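Structure file query-v6.cif with mmCIF, C-alpha atoms and all ligand atoms:
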```cif
data_entry
loop_
_atom_site.label_atom_id
_atom_site.label_comp_id
_atom_site.auth_asym_id
_atom_site.auth_seq_id
_atom_site.Cartn_x
_atom_site.Cartn_y
_atom_site.Cartn_z
CA MET A 1 133.47 101.92 -3.92
CA ILE A 2 136.96 100.59 -4.62
CA THR A 3 139.66 103.27 -4.68
CA ASN A 4 142.88 101.23 -4.53
CA ALA A 5 144.32 102.69 -7.72
CA SER A 6 143.76 106.30 -6.57
CA GLU A 7 145.26 105.47 -3.17
CA ALA A 8 148.39 103.94 -4.72
CA LEU A 9 148.78 106.85 -7.12
CA PHE A 10 148.37 109.38 -4.33
CA ALA A 11 150.92 107.60 -2.14
CA ARG A 12 153.40 107.77 -5.02
CA ALA A 13 152.48 111.38 -5.84
CA THR A 14 153.25 112.53 -2.30
CA GLU A 15 156.83 111.29 -2.82
CA LEU A 16 157.15 113.30 -6.01
CA ILE A 17 155.01 116.42 -5.67
CA PRO A 18 154.44 118.49 -2.49
CA GLY A 19 151.28 117.15 -0.87
CA GLY A 20 150.77 114.94 -3.93
CA VAL A 21 149.04 117.69 -5.91
CA ASN A 22 149.84 120.64 -8.15
CA SER A 23 147.20 122.90 -6.60
CA PRO A 24 146.37 122.62 -2.88
CA VAL A 25 142.58 122.24 -2.77
CA ARG A 26 142.79 119.07 -4.89
CA ALA A 27 144.34 117.26 -1.92
CA PHE A 28 141.03 116.85 0.01
CA ARG A 29 142.52 118.51 3.12
CA GLY A 30 139.20 120.26 3.75
CA VAL A 31 137.21 117.03 3.81
CA GLY A 32 139.72 114.29 4.62
CA GLY A 33 140.34 111.12 2.62
CA THR A 34 142.25 110.41 -0.58
CA PRO A 35 141.79 112.46 -3.74
CA ARG A 36 140.53 110.60 -6.78
CA PHE A 37 142.89 110.45 -9.74
CA MET A 38 140.80 111.09 -12.82
CA GLU A 39 141.50 109.36 -16.11
CA ARG A 40 138.75 110.42 -18.43
CA GLY A 41 135.82 112.78 -18.76
CA ALA A 42 132.83 112.98 -21.11
CA GLY A 43 130.05 115.52 -20.80
CA SER A 44 128.90 115.77 -17.19
CA ARG A 45 130.93 112.73 -16.05
CA VAL A 46 134.42 111.81 -14.99
CA TRP A 47 135.94 108.37 -14.41
CA ASP A 48 138.73 107.70 -11.91
CA ALA A 49 141.70 105.35 -12.05
CA ASP A 50 139.60 102.57 -10.48
CA GLY A 51 136.90 102.99 -13.13
CA ASN A 52 134.36 104.69 -10.81
CA ALA A 53 132.09 107.20 -12.56
CA TYR A 54 130.99 110.50 -11.05
CA ILE A 55 128.63 113.31 -12.04
CA ASP A 56 131.08 116.19 -11.94
CA TYR A 57 130.17 119.60 -10.48
CA ILE A 58 133.74 120.88 -10.53
CA GLN A 59 134.24 120.87 -14.29
CA SER A 60 137.94 121.65 -13.83
CA TRP A 61 136.96 124.41 -11.35
CA GLY A 62 134.81 126.22 -13.88
CA PRO A 63 136.40 126.21 -17.35
CA LEU A 64 134.42 123.31 -18.85
CA VAL A 65 131.11 125.07 -19.32
CA MET A 66 130.37 122.83 -22.33
CA GLY A 67 131.28 119.70 -20.34
CA HIS A 68 134.24 117.34 -20.61
CA ALA A 69 135.68 116.56 -24.03
CA HIS A 70 132.97 118.27 -26.06
CA PRO A 71 133.48 116.89 -29.60
CA LYS A 72 133.73 120.35 -31.17
CA VAL A 73 136.26 121.56 -28.61
CA VAL A 74 138.30 118.38 -29.04
CA GLU A 75 138.18 118.78 -32.81
CA ALA A 76 139.30 122.42 -32.63
CA ILE A 77 142.26 121.46 -30.44
CA ALA A 78 143.21 118.47 -32.60
CA THR A 79 143.00 120.48 -35.83
CA GLN A 80 145.25 123.19 -34.44
CA ALA A 81 147.67 120.72 -32.82
CA ALA A 82 148.35 119.22 -36.23
CA LEU A 83 149.14 122.70 -37.57
CA GLY A 84 151.50 123.54 -34.73
CA THR A 85 150.99 124.26 -31.04
CA SER A 86 152.85 127.52 -30.64
CA PHE A 87 154.77 129.95 -32.82
CA GLY A 88 155.65 132.84 -30.54
CA THR A 89 154.29 135.12 -33.27
CA PRO A 90 150.88 136.73 -33.55
CA THR A 91 148.17 134.50 -35.02
CA LYS A 92 144.74 135.21 -36.43
CA ALA A 93 143.01 133.20 -33.69
CA GLU A 94 144.10 135.85 -31.15
CA ASN A 95 142.19 138.50 -33.12
CA THR A 96 139.15 136.24 -33.38
CA LEU A 97 139.02 135.45 -29.67
CA ALA A 98 139.68 139.12 -28.82
CA GLU A 99 136.77 140.17 -31.06
CA LEU A 100 134.50 137.60 -29.48
CA VAL A 101 135.33 138.65 -25.90
CA ILE A 102 135.02 142.36 -26.73
CA ASP A 103 131.64 141.62 -28.26
CA MET A 104 130.44 139.59 -25.28
CA VAL A 105 131.70 141.55 -22.26
CA PRO A 106 130.25 145.09 -22.13
CA SER A 107 133.13 147.12 -20.62
CA ILE A 108 135.92 145.53 -22.65
CA GLU A 109 137.43 147.49 -25.55
CA MET A 110 140.91 145.95 -25.65
CA ILE A 111 142.37 142.75 -24.25
CA ARG A 112 145.74 141.15 -23.46
CA PHE A 113 145.87 137.35 -23.21
CA VAL A 114 147.99 135.65 -20.55
CA ASN A 115 148.18 132.04 -19.30
CA SER A 116 146.27 132.03 -16.01
CA GLY A 117 143.98 133.99 -13.75
CA THR A 118 146.92 134.68 -11.47
CA GLU A 119 148.79 136.39 -14.29
CA ALA A 120 145.67 138.33 -15.21
CA THR A 121 145.15 139.84 -11.75
CA MET A 122 148.80 140.59 -11.09
CA SER A 123 149.12 142.29 -14.48
CA ALA A 124 145.88 144.22 -13.96
CA LEU A 125 147.20 145.58 -10.66
CA ARG A 126 150.53 146.53 -12.22
CA LEU A 127 148.57 148.35 -14.90
CA ALA A 128 146.42 150.16 -12.31
CA ARG A 129 149.55 151.25 -10.46
CA ALA A 130 151.19 152.37 -13.68
CA VAL A 131 148.17 154.41 -14.75
CA THR A 132 147.50 156.06 -11.38
CA GLY A 133 151.06 156.39 -10.12
CA ARG A 134 149.76 155.10 -6.76
CA GLU A 135 150.86 152.04 -4.78
CA LYS A 136 148.13 150.80 -2.46
CA ILE A 137 145.41 148.35 -3.43
CA LEU A 138 142.22 147.39 -1.64
CA LYS A 139 140.87 143.84 -1.66
CA PHE A 140 138.24 141.95 0.31
CA SER A 141 138.72 139.30 2.93
CA GLY A 142 137.96 135.85 1.51
CA CYS A 143 138.19 136.99 -2.12
CA TYR A 144 140.81 135.01 -4.02
CA HIS A 145 142.63 136.59 -6.92
CA GLY A 146 145.35 134.04 -7.59
CA HIS A 147 148.64 133.62 -5.77
CA ALA A 148 150.67 136.75 -6.55
CA ASP A 149 152.47 137.97 -3.41
CA MET A 150 150.51 141.18 -3.00
CA LEU A 151 147.22 139.25 -3.15
CA LEU A 152 148.09 136.64 -0.52
CA VAL A 153 147.12 138.98 2.25
CA ALA A 154 144.56 138.47 4.99
CA ALA A 155 142.70 141.11 6.91
CA GLY A 156 143.34 142.03 10.49
CA SER A 157 140.15 142.41 12.45
CA GLY A 158 137.81 145.26 11.60
CA VAL A 159 139.13 147.91 9.27
CA ALA A 160 142.61 146.82 8.38
CA THR A 161 145.03 149.60 7.70
CA LEU A 162 148.04 147.32 7.49
CA GLY A 163 147.94 144.14 5.44
CA LEU A 164 149.55 141.08 6.96
CA PRO A 165 151.06 138.29 4.84
CA ASP A 166 148.91 135.19 4.49
CA SER A 167 151.79 132.94 3.51
CA PRO A 168 155.44 132.59 4.52
CA GLY A 169 157.55 134.02 1.74
CA VAL A 170 155.37 137.07 1.23
CA THR A 171 157.32 140.03 2.58
CA ALA A 172 155.80 142.42 5.08
CA SER A 173 156.56 145.33 2.74
CA THR A 174 154.66 143.69 -0.13
CA ALA A 175 151.70 142.94 2.12
CA ALA A 176 151.69 146.44 3.59
CA ALA A 177 150.51 147.94 0.30
CA THR A 178 147.43 145.70 0.31
CA LEU A 179 144.51 146.92 2.38
CA THR A 180 141.78 144.43 3.22
CA VAL A 181 138.22 144.80 4.47
CA GLU A 182 135.22 142.46 4.70
CA TYR A 183 133.17 141.80 1.57
CA ASN A 184 129.83 143.68 1.49
CA ASP A 185 131.08 146.18 4.12
CA ILE A 186 130.80 149.52 2.32
CA ASP A 187 131.34 151.51 5.54
CA ALA A 188 134.73 149.86 5.94
CA VAL A 189 135.55 150.78 2.33
CA LEU A 190 134.60 154.41 3.01
CA ALA A 191 136.76 154.43 6.14
CA VAL A 192 139.77 153.12 4.21
CA PHE A 193 139.27 155.71 1.46
CA ALA A 194 138.88 158.48 4.04
CA GLU A 195 142.33 157.63 5.34
CA HIS A 196 144.17 156.47 2.18
CA GLY A 197 142.03 157.70 -0.73
CA SER A 198 144.80 159.50 -2.57
CA GLU A 199 147.17 156.51 -2.29
CA ILE A 200 144.85 153.79 -3.60
CA ALA A 201 145.60 152.66 -7.15
CA ALA A 202 142.81 150.12 -7.39
CA VAL A 203 140.05 148.18 -5.75
CA ILE A 204 139.94 144.56 -6.90
CA VAL A 205 136.85 142.50 -6.21
CA GLU A 206 135.11 139.27 -7.20
CA PRO A 207 131.59 140.32 -8.27
CA ILE A 208 130.34 137.16 -6.61
CA ALA A 209 132.66 136.07 -3.80
CA ALA A 210 132.98 132.51 -5.00
CA ASN A 211 136.25 131.46 -3.40
CA MET A 212 134.81 131.55 0.13
CA GLY A 213 131.73 129.58 -0.88
CA PHE A 214 129.19 131.59 -2.80
CA VAL A 215 128.42 135.07 -1.48
CA LEU A 216 126.38 137.50 -3.55
CA PRO A 217 126.84 141.27 -3.23
CA THR A 218 124.17 142.93 -1.07
CA ASN A 219 122.66 146.42 -0.92
CA GLY A 220 124.22 147.73 -4.12
CA PHE A 221 127.69 146.96 -2.75
CA LEU A 222 129.43 146.80 -6.14
CA HIS A 223 127.80 149.92 -7.57
CA LYS A 224 128.78 151.87 -4.48
CA LEU A 225 132.30 150.50 -4.80
CA GLN A 226 132.44 151.60 -8.44
CA ASP A 227 131.26 155.09 -7.45
CA ILE A 228 133.84 155.37 -4.66
CA CYS A 229 136.60 154.35 -7.09
CA ARG A 230 135.49 156.95 -9.65
CA ALA A 231 135.24 159.69 -7.00
CA ASN A 232 138.76 158.95 -5.76
CA GLY A 233 140.57 158.32 -9.03
CA ALA A 234 141.16 154.63 -8.26
CA MET A 235 140.79 151.87 -10.86
CA PHE A 236 137.79 149.60 -10.38
CA ILE A 237 138.99 146.08 -11.20
CA LEU A 238 136.43 143.33 -11.53
CA ASP A 239 138.00 139.90 -11.16
CA GLU A 240 135.73 137.85 -13.42
CA VAL A 241 138.12 134.92 -13.70
CA MET A 242 135.35 132.72 -12.31
CA THR A 243 132.18 134.69 -13.11
CA GLY A 244 133.22 135.53 -16.69
CA PHE A 245 130.90 133.76 -19.18
CA ARG A 246 129.21 132.08 -16.19
CA ALA A 247 127.29 134.70 -14.16
CA SER A 248 125.83 135.60 -17.55
CA LEU A 249 127.19 135.41 -21.11
CA GLY A 250 128.78 138.83 -20.56
CA GLY A 251 129.89 138.03 -17.03
CA ALA A 252 128.66 139.49 -13.76
CA GLN A 253 129.20 143.00 -15.13
CA GLU A 254 126.51 142.45 -17.73
CA ALA A 255 124.12 140.81 -15.27
CA MET A 256 124.62 143.54 -12.67
CA GLY A 257 125.12 146.56 -14.94
CA LEU A 258 128.67 147.35 -13.81
CA ASP A 259 131.29 149.25 -15.77
CA PRO A 260 134.76 148.29 -14.48
CA ASP A 261 137.93 149.99 -15.72
CA ILE A 262 139.75 146.66 -15.93
CA THR A 263 138.33 143.14 -16.08
CA CYS A 264 140.28 139.96 -15.29
CA LEU A 265 139.30 136.77 -17.08
CA GLY A 266 140.40 133.12 -16.90
CA LYS A 267 138.83 129.68 -16.61
CA VAL A 268 136.01 129.53 -19.26
CA ILE A 269 137.93 131.80 -21.65
CA GLY A 270 140.39 128.93 -22.29
CA GLY A 271 137.80 126.17 -22.52
CA GLY A 272 140.00 123.85 -20.42
CA LEU A 273 143.37 125.01 -21.69
CA PRO A 274 145.48 127.58 -19.81
CA VAL A 275 144.27 131.06 -20.74
CA GLY A 276 143.76 134.23 -18.74
CA ALA A 277 143.28 137.81 -19.83
CA TYR A 278 143.14 141.32 -18.53
CA ALA A 279 141.10 143.75 -20.49
CA GLY A 280 139.30 147.04 -20.32
CA LYS A 281 138.97 150.54 -21.61
CA ARG A 282 141.11 151.34 -24.64
CA ASP A 283 142.88 154.36 -23.09
CA ILE A 284 143.88 152.27 -20.08
CA MET A 285 144.97 149.20 -22.07
CA LEU A 286 147.11 151.36 -24.36
CA ASN A 287 149.51 151.72 -21.40
CA VAL A 288 150.54 148.07 -21.85
CA ALA A 289 153.84 147.36 -23.68
CA PRO A 290 154.66 147.70 -26.49
CA ALA A 291 151.85 150.25 -27.03
CA GLY A 292 152.77 151.82 -23.69
CA LYS A 293 155.35 151.54 -20.94
CA MET A 294 153.88 149.02 -18.52
CA TYR A 295 155.82 145.82 -19.17
CA GLN A 296 154.16 142.43 -19.34
CA ALA A 297 155.00 139.48 -21.58
CA GLY A 298 154.54 135.71 -22.03
CA THR A 299 156.27 133.04 -24.13
CA LEU A 300 153.10 130.99 -24.56
CA SER A 301 150.56 133.83 -24.20
CA GLY A 302 147.79 133.65 -26.80
CA ASN A 303 149.14 130.36 -28.15
CA PRO A 304 146.98 128.91 -30.94
CA LEU A 305 146.05 125.70 -29.14
CA ALA A 306 144.61 127.58 -26.15
CA MET A 307 142.92 130.14 -28.41
CA ALA A 308 141.28 127.30 -30.37
CA ALA A 309 139.84 125.73 -27.21
CA GLY A 310 138.58 129.09 -25.95
CA LEU A 311 137.04 130.02 -29.29
CA ALA A 312 135.27 126.69 -29.68
CA THR A 313 133.92 126.84 -26.12
CA LEU A 314 132.67 130.43 -26.28
CA SER A 315 131.15 129.91 -29.74
CA LEU A 316 129.18 126.90 -28.52
CA LEU A 317 128.10 128.70 -25.36
CA ARG A 318 126.78 131.59 -27.43
CA GLU A 319 124.55 129.44 -29.60
CA ASP A 320 120.84 130.03 -29.18
CA GLY A 321 119.44 128.90 -25.86
CA VAL A 322 122.58 127.11 -24.66
CA PHE A 323 123.42 129.44 -21.78
CA ALA A 324 119.78 129.77 -20.69
CA ARG A 325 119.44 126.00 -20.55
CA ILE A 326 122.54 125.55 -18.37
CA ALA A 327 121.36 128.36 -16.12
CA ALA A 328 117.95 126.70 -15.77
CA GLN A 329 119.61 123.39 -14.80
CA THR A 330 121.75 125.26 -12.27
CA GLU A 331 118.74 126.91 -10.69
CA LYS A 332 116.91 123.59 -10.59
CA LEU A 333 119.87 122.04 -8.80
CA ALA A 334 120.24 124.86 -6.25
CA ASN A 335 116.50 124.91 -5.52
CA GLY A 336 116.48 121.12 -5.30
CA ILE A 337 119.36 121.09 -2.80
CA ASN A 338 117.48 123.64 -0.73
CA ALA A 339 114.26 121.61 -0.84
CA VAL A 340 115.93 118.30 0.03
CA CYS A 341 117.82 119.84 2.96
CA THR A 342 114.81 121.73 4.26
CA ALA A 343 112.70 118.58 4.17
CA ALA A 344 115.40 116.76 6.14
CA GLY A 345 115.74 119.61 8.66
CA VAL A 346 119.33 120.33 7.61
CA PRO A 347 120.08 124.09 7.67
CA VAL A 348 121.59 125.35 4.41
CA GLN A 349 122.13 128.54 2.50
CA THR A 350 122.01 127.96 -1.25
CA ALA A 351 122.33 130.41 -4.12
CA SER A 352 122.97 130.36 -7.83
CA MET A 353 123.64 132.79 -10.61
CA GLY A 354 123.94 131.83 -14.24
CA THR A 355 125.78 128.53 -14.39
CA MET A 356 127.39 128.68 -10.92
CA PHE A 357 125.95 127.70 -7.56
CA GLY A 358 126.89 127.52 -3.94
CA CYS A 359 125.68 125.70 -0.88
CA TYR A 360 126.70 126.28 2.71
CA PHE A 361 125.73 123.75 5.34
CA LEU A 362 125.12 125.86 8.44
CA LYS A 363 125.65 125.30 12.14
CA SER A 364 122.19 126.69 12.77
CA ALA A 365 119.21 127.82 10.70
CA ASP A 366 119.56 131.49 11.69
CA GLY A 367 123.10 131.88 10.32
CA VAL A 368 123.39 134.24 7.34
CA ILE A 369 126.59 134.27 5.32
CA ASP A 370 127.41 137.53 3.54
CA SER A 371 131.13 137.84 4.25
CA TYR A 372 134.20 135.74 5.02
CA ALA A 373 133.85 136.44 8.74
CA ALA A 374 130.25 135.20 8.60
CA ALA A 375 131.30 132.15 6.55
CA ARG A 376 133.81 131.17 9.21
CA GLU A 377 131.28 131.70 11.93
CA HIS A 378 128.22 129.99 10.47
CA ALA A 379 129.42 127.32 8.03
CA ASN A 380 129.70 123.75 9.25
CA PRO A 381 132.77 122.22 7.57
CA ALA A 382 132.65 119.01 9.61
CA TYR A 383 129.13 118.28 8.42
CA PHE A 384 130.07 119.26 4.87
CA GLY A 385 132.88 116.67 5.01
CA GLU A 386 130.30 113.97 5.76
CA VAL A 387 128.01 115.15 2.97
CA PHE A 388 130.91 115.37 0.54
CA HIS A 389 131.99 111.76 1.18
CA GLY A 390 128.40 110.51 1.15
CA MET A 391 127.93 112.09 -2.27
CA LEU A 392 131.27 110.81 -3.57
CA GLU A 393 130.34 107.25 -2.54
CA ARG A 394 127.11 107.70 -4.51
CA GLY A 395 128.92 108.91 -7.62
CA VAL A 396 128.54 112.69 -7.29
CA TYR A 397 131.70 114.77 -7.31
CA LEU A 398 131.38 118.10 -5.47
CA ALA A 399 134.24 120.47 -4.76
CA PRO A 400 136.17 119.05 -1.79
CA SER A 401 135.65 122.17 0.32
CA GLN A 402 132.59 124.07 1.45
CA PHE A 403 134.36 127.29 0.54
CA GLU A 404 134.24 126.59 -3.20
CA ALA A 405 131.53 127.24 -5.75
CA GLY A 406 129.92 124.53 -7.89
CA PHE A 407 129.69 124.47 -11.68
CA VAL A 408 127.11 123.09 -14.08
CA SER A 409 127.81 122.40 -17.77
CA ALA A 410 125.75 122.14 -20.93
CA ALA A 411 126.03 118.37 -20.56
CA HIS A 412 124.21 118.13 -17.21
CA SER A 413 120.88 116.46 -17.98
CA ASP A 414 117.63 116.35 -16.04
CA ASP A 415 118.60 112.83 -15.13
CA ASP A 416 121.93 114.04 -13.70
CA ILE A 417 120.17 116.61 -11.53
CA GLU A 418 117.62 114.07 -10.29
CA THR A 419 120.34 111.51 -9.53
CA THR A 420 122.26 114.19 -7.65
CA LEU A 421 119.28 115.23 -5.56
CA SER A 422 118.32 111.68 -4.65
CA ALA A 423 121.96 110.98 -3.69
CA LEU A 424 121.78 114.02 -1.42
CA ASP A 425 118.50 112.86 0.09
CA ASP A 426 120.06 109.46 0.72
CA THR A 427 123.18 111.00 2.25
CA ILE A 428 121.58 113.37 4.71
CA SER A 429 118.53 111.43 5.85
C1 LIG B 1 140.62 130.82 -10.15
C2 LIG B 1 140.68 132.27 -9.83
C3 LIG B 1 141.84 133.03 -9.98
C4 LIG B 1 143.18 132.41 -10.31
O1 LIG B 1 143.19 131.82 -11.56
P1 LIG B 1 144.33 130.73 -11.90
O2 LIG B 1 144.12 130.42 -13.34
O3 LIG B 1 144.07 129.58 -10.97
O4 LIG B 1 145.64 131.36 -11.63
C5 LIG B 1 141.76 134.39 -9.79
N1 LIG B 1 140.61 134.98 -9.45
C6 LIG B 1 139.47 134.28 -9.28
C7 LIG B 1 138.21 135.00 -8.93
C8 LIG B 1 139.47 132.91 -9.45
O5 LIG B 1 138.34 132.22 -9.25
#
```
Now, as a test, write the supplied structure out as structure tokens.
Ligand SMILES: *Cc1c(COP(=O)(O)O)cnc(C)c1O
Amino acid sequence: MITNASEALFARATELIPGGVNSPVRAFRGVGGTPRFMERGAGSRVWDADGNAYIDYIQSWGPLVMGHAHPKVVEAIATQAALGTSFGTPTKAENTLAELVIDMVPSIEMIRFVNSGTEATMSALRLARAVTGREKILKFSGCYHGHADMLLVAAGSGVATLGLPDSPGVTASTAAATLTVEYNDIDAVLAVFAEHGSEIAAVIVEPIAANMGFVLPTNGFLHKLQDICRANGAMFILDEVMTGFRASLGGAQEAMGLDPDITCLGKVIGGGLPVGAYAGKRDIMLNVAPAGKMYQAGTLSGNPLAMAAGLATLSLLREDGVFARIAAQTEKLANGINAVCTAAGVPVQTASMGTMFGCYFLKSADGVIDSYAAAREHANPAYFGEVFHGMLERGVYLAPSQFEAGFVSAAHSDDDIETTLSALDDTIS
């Protein structure tokens, strides 16, 4: 595979943009090699600057659930672009998308649109602090909620009572208000609440931990978490930026029967344009300015171009049988990966839910990954790097890190799945 054009572009990009990318994981640091510069996408495929084609399981990291450049999404964007891209006034499309989301996601009664998942989570936490008058938040190790200072915090070992900054530039005082424990560790949650219960404004959690690979909740973890929040007067915030409209049509909360106070959305909700949202119960959302006193604003928030892309995408996804078909393809892929690896004697842990999947290559067959600590212990990133490049050479584009989820779109055909599985067979045997 010739990649001269991508290599030249990346060399130039590193002179212009830190690390050559505008979001770190794009740089292939987890797997080595040069990132591909994409030029074009259609359906399940993308083409790079050298003209190589790939079956794409990133789909812009989740948003493109209908595939690249779906004609109806393109048409919606083009129609709106000709009418104007942004007014900085309310528009009818904001009502329409709000109605659609409220209809689809069970716990949501009111919504505020922002421009990214990061804005959604940071605003949701400000709201939780405003409503409760408390300062501390609890998050889980390995869960990613965007790059706001208070969320770039790693756990100490065991039950952390003092958050430590994960990045230079995050102050110790900001980090100190963020408590962190391992995902799926309800005893650690109880211990933190026993000590700090009256100070905790909110617990924020990914319903599927899909930024450390793909870790499902175990033993009723999320329901217990919801109960603990209710018992202690803390807000239960479900970060569905990734799982929204993917774990099921109504998000993980619908699939799992959860009732969060606040939900964060992003990715699919914008259909490939920058949209995020925080949303929830009416009495909580009415605290947001100008209805209430908690301030939050955005020059381009709810802009008509982004609303058009989100509306077109969600409308298509909701058509009869569309979601179920993507979910079936996803399951077929995850099961197929498992079968191919098992036949080759390669230890893996695969899982899928709705239209998302994950696959850990393990150091040994007895490793079980149910938390970030376990992911670090049992995953085999060096082997994943080999698999990743083997697949890339064969025209299959996986996320360039084992600690990322994979995404299937409505455009992924039986043929795509078969091609992917035979590429995997070829790569590992
Ligand atoms: C992607 C993601 C975010 C951040 O969204 P951005 O739009 O990249 O700012 C937050 N939470 C979760 C769970 C995500 O997957």
Inset, instruction - Residues within 9 Å of ligand LIG 1 (chain B) should be enumerated using all atoms listed in the file and returned as an NGL selection string. - result: :A and (23 or 61-62 or 115-121 or 143-148 or 205-211 or 238-243 or 264-267 or 274-276)
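Between atom CA of Ile77 of chain A and atom CA of Leu317 of chain A lies a distance of 16.7 Å.
Comparing the minimum interatomic distances between Ala98 of chain A and each of A:Gly310, A:Gly233, A:Pro381, A:Ala27, counting all atoms listed in the file, we find that A:Gly310 sits nearest.
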Inset, instruction - Dump as a VMD selection string all residues having an atom at most 12 Å from (120.6, 118.0, 7.3), computed in the file's coordinates with only C-alpha atoms. - result: chain A and resid 337 to 349 360 to 365 380 383 to 384 386 to 387 424 to 429
Got a sec: who's within 12 Å of Glu418 of chain A, counting only C-alpha atoms, leaving out chain neighbours fewer than 2 positions off, as a compact mmCIF listing (two decimals) with C-alpha atoms, in the frame of the given file?
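Generated file (out-v7.txt):
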```txt
# COMPACT_ATOMS: atom_id res chain seq x y z
CA ILE A 55 128.63 113.31 -12.04
CA GLN A 329 119.61 123.39 -14.80
CA LYS A 332 116.91 123.59 -10.59
CA LEU A 333 119.87 122.04 -8.80
CA ALA A 334 120.24 124.86 -6.25
CA ASN A 335 116.50 124.91 -5.52
CA GLY A 336 116.48 121.12 -5.30
CA ILE A 337 119.36 121.09 -2.80
CA VAL A 340 115.93 118.30 0.03
CA VAL A 396 128.54 112.69 -7.29
CA HIS A 412 124.21 118.13 -17.21
CA SER A 413 120.88 116.46 -17.98
CA ASP A 414 117.63 116.35 -16.04
CA ASP A 415 118.60 112.83 -15.13
CA ASP A 416 121.93 114.04 -13.70
CA THR A 420 122.26 114.19 -7.65
CA LEU A 421 119.28 115.23 -5.56
CA SER A 422 118.32 111.68 -4.65
CA ALA A 423 121.96 110.98 -3.69
CA LEU A 424 121.78 114.02 -1.42
CA ASP A 425 118.50 112.86 0.09
```
Inset, instruction - Identify which of the residues A:Asn95, A:Asn184, A:Ser248, A:Thr174 lies closest to Pro217 of chain A, counting all atoms listed in the file when measuring atom-to-atom distances. - result: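 Of A:Asn95, A:Asn184, A:Ser248, A:Thr174, the one nearest Pro217 of chain A is A:Asn184, counting all atoms listed in the file.
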Inset, instruction - Could you check which of A:Phe37, A:Phe28, A:Phe10, A:Phe245 is closest to Val268 of chain A, using only C-alpha atoms? - result: A:Phe245
Legend entry - Residue with smallest distance to Ile228 of chain A - pool A:Pro63, A:Gly197, A:Gly33, A:Gly20, counting all atoms listed in the file: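 Nearest to Ile228 of chain A: A:Gly197.
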Closest atom pairs, segment 130-202 of chain A residues within 9 Å of segment 366-375 of chain A, all atoms listed in the file, as JSON lines:
```
{"residue": "A:Phe140", "atom": "CA", "partner": "A:Tyr372", "partner_atom": "CA", "distance": 8.8}
{"residue": "A:Ser141", "atom": "CA", "partner": "A:Tyr372", "partner_atom": "CA", "distance": 6.1}
{"residue": "A:Gly142", "atom": "CA", "partner": "A:Tyr372", "partner_atom": "CA", "distance": 5.1}
{"residue": "A:Cys143", "atom": "CA", "partner": "A:Tyr372", "partner_atom": "CA", "distance": 8.3}
{"residue": "A:Glu182", "atom": "CA", "partner": "A:Ser371", "partner_atom": "CA", "distance": 6.2}
{"residue": "A:Tyr183", "atom": "CA", "partner": "A:Ser371", "partner_atom": "CA", "distance": 5.2}
{"residue": "A:Asn184", "atom": "CA", "partner": "A:Ser371", "partner_atom": "CA", "distance": 6.6}
{"residue": "A:Asp185", "atom": "CA", "partner": "A:Ser371", "partner_atom": "CA", "distance": 8.3}
```
Inset, instruction - Would you mind listing what lies within 8 Å of segment 291-306 of chain A as a PyMOL selection string, with only C-alpha atoms counted and same-chain residues fewer than 2 positions away left out? - result: chain A and resi 77+80-81+84-88+91+93-94+113-115+123+126-127+130+270-271+273-275+286-289+308-310
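With atom CA of Val215 of chain A on one side and atom CA of Ile137 of chain A on the other, the separation reads 21.7 Å.
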Legend entry - Protein and nucleic acid residues near (149.4, 109.6, -5.3) (cut-off 10 Å, all atoms listed in the file) as a list in words: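 Collected hits near the coordinates: Ala5, Ser6, Glu7, Ala8, Leu9, Phe10, Ala11, Arg12, Ala13, Thr14, Glu15, Leu16, Ile17, Gly19, Gly20, Val21, Ala27, Thr34, Pro35, Arg36 and Phe37 of chain A.
For the choices A:Ile108, A:Ala53, A:Ile2, A:Asp320, the atom-to-atom distance to Glu39 of chain A is smallest for A:Ala53 when using all atoms listed in the file.
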Inset, instruction - Rounded to one decimal place, report the atom CA of Leu314 of chain A-atom CA of Arg246 of chain A distance in Å. - result: 10.8 Å
Legend entry - Distance criterion (only C-alpha atoms): nearest to Gly272 of chain A out of A:Ala231, A:Leu311, A:Ile284, A:Met104: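 Closest residue, counting only C-alpha atoms: A:Leu311.
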